[in-house]
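Peer 1: Below: one structure in structure tokens.
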Amino acid sequence: MSLAIAVTGLRHCYGSRIALDGIDLRIEKGEIYGLLGPNGGGKTTLFRILSTLLEPSEGTVRILDRDLLRDAAEIRARIGVVFQNASLDLKLTVLENLRHQGHLYGLRGRALKERIESILRSVGLTDRENDRTEELSGGLRRRVDLARGLLHRPELLLFDEPSSGLDPLARRTLWDDLRKLREEQGVTALLTTHFIEEAERCDRVGILDRGRLVAQGAPDALKRSMNKDVLVIEAEHTEVLRAEIEAHVSVTTTLVDGTVRIECDDGQAMMASLYADFRERISAIRLGRPTLEDVFIRETGRPFETAEGGHAE
């Protein structure tokens, strides 16, 4: 399958601060690919480079078979970009916002009118076209933003934190829209996110931390690669309990957000053993299958929520 994005040896620095450190990335046409990482992991910098807003310090970037440095103008005409912060004019109606966006891409007259009607149907906003944007809910504004990004019929959609600020229903609706666009129009989508559950919805995900892609693959495949059960133990004195468990059972444990976390082959047997020996010390114990957060912890040694690198954007 042909590639929508091909990145090799990508580095970017802000002075002496490294934001991206040797990124290799391949995204096939027709994929929904998620870049998952904590704030400060490098997602924003990578998004700005792929959006043609920032030239990388090193490496090569090809988007839709075009070189980023030589063919930026052509790339811009073939991609749609939806930023985390809405760029809508809140005093204008939905229709007026889309007309202005169309003018930026040289669309006029009947062609623009038909294009707007089509995209409004696609995102379910036909009955709201004359509403001022400021009157819309956050979810509907996000759909207007999506409509603007798709108006010129891009082959590749870049979506920065698509679920930011949305309630669960609006998130599900937005994902329905993305899948519909992929199925009906063949749009490739790359999105950045710091929501684990959002990354789970992607065809493939790349976990980005401190400027490096620490893992890539289909979400289920990444979780299966753990090949372990995961125990999470709550207690009053977790550091002391952790040391005693390691001495007693000869397992490696990790302290994560005030809990003791254990990866093991047989979670049921381990849970029964620990509960029998430490029941007076344990407040709660949970057994589950690995998640993408567990993959992140395995690759970085740190919990996802507190994994900000401090040197990447």
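Here, A, B, ... name the chains of the structure tokens in the order displayed, residue numbers run from 1 inside each chain, and ligands are numbered from 1 in the same displayed order.
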Just the alpha helix (DSSP H) stuff from region 71-309 of chain A, please, per backbone DSSP, written as a count of residues only.

Peer 2: 106

Peer 1: Which region 108-174 of chain A residues have any atom within 10 Å of an atom of region 47-68 of chain A, and for each, what is the nearest pair of atoms with distance in Å to one decimal, counting only C-alpha atoms, rows sorted by chain and number, as a tab-separated table?

Peer 2:
residue	atom	partner	partner_atom	distance
A:Glu155	CA	A:Leu64	CA	8.1
A:Leu156	CA	A:Leu64	CA	8.0
A:Leu157	CA	A:Ser51	CA	9.6
A:Leu158	CA	A:Ser51	CA	7.3
A:Phe159	CA	A:Phe47	CA	8.6
A:Asp160	CA	A:Phe47	CA	7.4

Peer 1: Only N, CA and C atoms, please: the residues just picked out, written as a PDB file, in the first residue's frame.

Peer 2:
ATOM      1  N   GLU A 155      -6.650  14.956   0.824  1.00  0.00           N
ATOM      2  CA  GLU A 155      -6.375  13.523   0.861  1.00  0.00           C
ATOM      3  C   GLU A 155      -5.926  13.078   2.251  1.00  0.00           C
ATOM      4  N   LEU A 156      -5.376  14.011   3.003  1.00  0.00           N
ATOM      5  CA  LEU A 156      -4.840  13.726   4.332  1.00  0.00           C
ATOM      6  C   LEU A 156      -5.371  14.765   5.312  1.00  0.00           C
ATOM      7  N   LEU A 157      -5.906  14.283   6.436  1.00  0.00           N
ATOM      8  CA  LEU A 157      -6.412  15.168   7.477  1.00  0.00           C
ATOM      9  C   LEU A 157      -5.513  15.058   8.698  1.00  0.00           C
ATOM     10  N   LEU A 158      -5.005  16.196   9.165  1.00  0.00           N
ATOM     11  CA  LEU A 158      -4.203  16.267  10.386  1.00  0.00           C
ATOM     12  C   LEU A 158      -5.067  16.916  11.467  1.00  0.00           C
ATOM     13  N   PHE A 159      -5.263  16.205  12.563  1.00  0.00           N
ATOM     14  CA  PHE A 159      -6.232  16.621  13.579  1.00  0.00           C
ATOM     15  C   PHE A 159      -5.529  16.651  14.931  1.00  0.00           C
ATOM     16  N   ASP A 160      -5.396  17.831  15.510  1.00  0.00           N
ATOM     17  CA  ASP A 160      -4.686  18.003  16.773  1.00  0.00           C
ATOM     18  C   ASP A 160      -5.662  17.907  17.940  1.00  0.00           C
TER      19      ASP A 160
END

Peer 1: Rounded to one decimal in Å, what is the spacing between CA of Leu92 (chain A) and CA of Pro168 (chain A)?

Peer 2: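 That distance, rounded to one decimal, is 26.9 Å.
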
Peer 1: Determine which residues of region 43-221 of chain A receive a DSSP assignment of strand (DSSP E or B), computed from the backbone, and state them as a PyMOL selection string.

Peer 2: chain A and resi 58-63+66-67+79-82+93+132+156-160+188-193+204-209+212-217

Peer 1: Write out as a list in words the residues lying within 12 Å of Tyr14 (chain A), counting only C-alpha atoms and excluding same-chain residues fewer than 3 positions away.

Peer 2: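 My list of contacting residues is Arg11, Arg17, Ile18, Ala19, Leu20, Asp21, Gly42, Thr45, Leu54, Glu55, Pro56, Ser57, His311, Ala312 and Glu313 of chain A.
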
Peer 1: Please report the interatomic distance between CA of Arg108 (chain A) and CA of Gly30 (chain A) in Å with one decimal.

Peer 2: 29.0 Å

Peer 1: Point out the residue among A:Val205, A:Ala189, A:Val123, A:Leu104 with the least atom-to-atom distance to Pro219 (chain A), counting only C-alpha atoms.

Peer 2: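 Once distances to Pro219 (chain A) are computed over only C-alpha atoms, the minimum belongs to A:Val205.
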
Peer 1: Tell me, as a PyMOL selection string, which residues lie within 10 Å of region 253-256 of chain A, counting only C-alpha atoms; anything in the same chain fewer than 2 positions away does not count.

Peer 2: chain A and resi 231-233+238-239+242-243+245-246+250-251+258-264+297-298+301-306

Peer 1: When distances are computed from only C-alpha atoms, which of A:Ala215, A:Ile5, A:Ile116, A:Leu151 shows the smallest separation from Ala77 (chain A)?

Peer 2: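 When distances to Ala77 (chain A) are compared using only C-alpha atoms, the smallest one comes from A:Leu151.
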
Peer 1: Using only C-alpha atoms, determine which residues lie at most 12 Å from Trp175 (chain A), disregarding the query and same-chain residues fewer than 5 positions distant; provide the list as a list in words.

Peer 2: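 So, after excluding close chain neighbours, the residues are Ile32, Val123, Gly139, Arg142, Arg143, Leu146, Phe159, Pro162, Ser163, Leu166, Pro168, Leu169, Ala170, Lys180, Leu181, Arg182, Ala189, Leu191, Glu197, Glu198, Ala199, Glu200, Arg201 and Cys202 of chain A.
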
Peer 1: Go ahead and save the residues from that selection, with N, CA and C atoms, as a short mmCIF file (atom, residue, chain, number, x, y, z; two decimals), in the first residue's frame.

Peer 2:
data_model
loop_
_atom_site.label_atom_id
_atom_site.label_comp_id
_atom_site.auth_asym_id
_atom_site.auth_seq_id
_atom_site.Cartn_x
_atom_site.Cartn_y
_atom_site.Cartn_z
N ILE A 32 -6.26 5.48 9.94
CA ILE A 32 -6.44 6.45 11.02
C ILE A 32 -5.34 6.15 12.03
N VAL A 123 -21.12 16.03 7.80
CA VAL A 123 -20.89 16.18 9.24
C VAL A 123 -22.17 16.48 10.00
N GLY A 139 -19.13 20.55 20.94
CA GLY A 139 -19.08 19.45 19.98
C GLY A 139 -19.43 19.88 18.58
N ARG A 142 -16.67 21.86 17.03
CA ARG A 142 -15.59 20.99 16.58
C ARG A 142 -15.94 20.40 15.21
N ARG A 143 -17.21 20.13 14.98
CA ARG A 143 -17.63 19.58 13.69
C ARG A 143 -17.54 20.65 12.60
N LEU A 146 -14.02 20.70 11.68
CA LEU A 146 -13.74 19.55 10.81
C LEU A 146 -14.22 19.84 9.39
N PHE A 159 -5.26 16.20 12.56
CA PHE A 159 -6.23 16.62 13.58
C PHE A 159 -5.53 16.65 14.93
N PRO A 162 -8.35 15.96 18.81
CA PRO A 162 -9.73 16.12 18.34
C PRO A 162 -10.78 16.10 19.44
N SER A 163 -10.54 15.41 20.55
CA SER A 163 -11.56 15.29 21.59
C SER A 163 -11.39 16.30 22.71
N LEU A 166 -14.44 18.04 24.69
CA LEU A 166 -15.71 17.48 24.27
C LEU A 166 -16.24 16.50 25.32
N PRO A 168 -18.43 12.99 26.35
CA PRO A 168 -18.34 11.64 25.75
C PRO A 168 -19.20 11.45 24.51
N LEU A 169 -20.42 11.99 24.49
CA LEU A 169 -21.29 11.84 23.33
C LEU A 169 -20.70 12.55 22.12
N ALA A 170 -20.18 13.77 22.32
CA ALA A 170 -19.59 14.52 21.22
C ALA A 170 -18.34 13.80 20.69
N LYS A 180 -16.53 7.59 8.86
CA LYS A 180 -17.34 7.77 7.67
C LYS A 180 -16.52 8.41 6.55
N LEU A 181 -15.71 9.41 6.90
CA LEU A 181 -14.88 10.07 5.91
C LEU A 181 -13.86 9.10 5.32
N ARG A 182 -13.29 8.25 6.17
CA ARG A 182 -12.33 7.27 5.69
C ARG A 182 -12.99 6.28 4.75
N ALA A 189 -6.17 9.89 8.06
CA ALA A 189 -6.20 10.80 9.19
C ALA A 189 -5.06 10.50 10.15
N LEU A 191 -3.96 11.87 13.93
CA LEU A 191 -4.40 12.71 15.04
C LEU A 191 -3.44 12.59 16.20
N GLU A 197 -8.03 6.24 25.76
CA GLU A 197 -9.20 5.63 25.12
C GLU A 197 -9.37 6.09 23.68
N GLU A 198 -8.90 7.28 23.36
CA GLU A 198 -8.98 7.75 21.98
C GLU A 198 -7.98 7.02 21.09
N ALA A 199 -6.79 6.81 21.62
CA ALA A 199 -5.78 6.08 20.86
C ALA A 199 -6.24 4.65 20.56
N GLU A 200 -7.03 4.07 21.47
CA GLU A 200 -7.54 2.71 21.26
C GLU A 200 -8.40 2.62 20.00
N ARG A 201 -9.00 3.71 19.56
CA ARG A 201 -9.90 3.70 18.42
C ARG A 201 -9.16 3.73 17.08
N CYS A 202 -7.87 4.00 17.10
CA CYS A 202 -7.10 4.17 15.86
C CYS A 202 -6.72 2.80 15.27
#

Peer 1: Got a sec: who's within 10 Å of Asp131 (chain A), counting only C-alpha atoms, leaving out chain neighbours fewer than 2 positions off, as a ChimeraX atom specification?

Peer 2: /A:91-96,125,127-129,133-136

Peer 1: Restrict the calculation to only C-alpha atoms, then for each residue of region 34-148 of chain A with any atom at most 12 Å from an atom of region 275-294 of chain A give the closest atom pair and their distance in Å to one decimal, rows by chain and rising residue number, as JSON lines.

Peer 2:
{"residue": "A:Leu36", "atom": "CA", "partner": "A:Leu292", "partner_atom": "CA", "distance": 9.3}
{"residue": "A:Gly37", "atom": "CA", "partner": "A:Glu293", "partner_atom": "CA", "distance": 9.8}
{"residue": "A:Pro38", "atom": "CA", "partner": "A:Glu293", "partner_atom": "CA", "distance": 10.7}
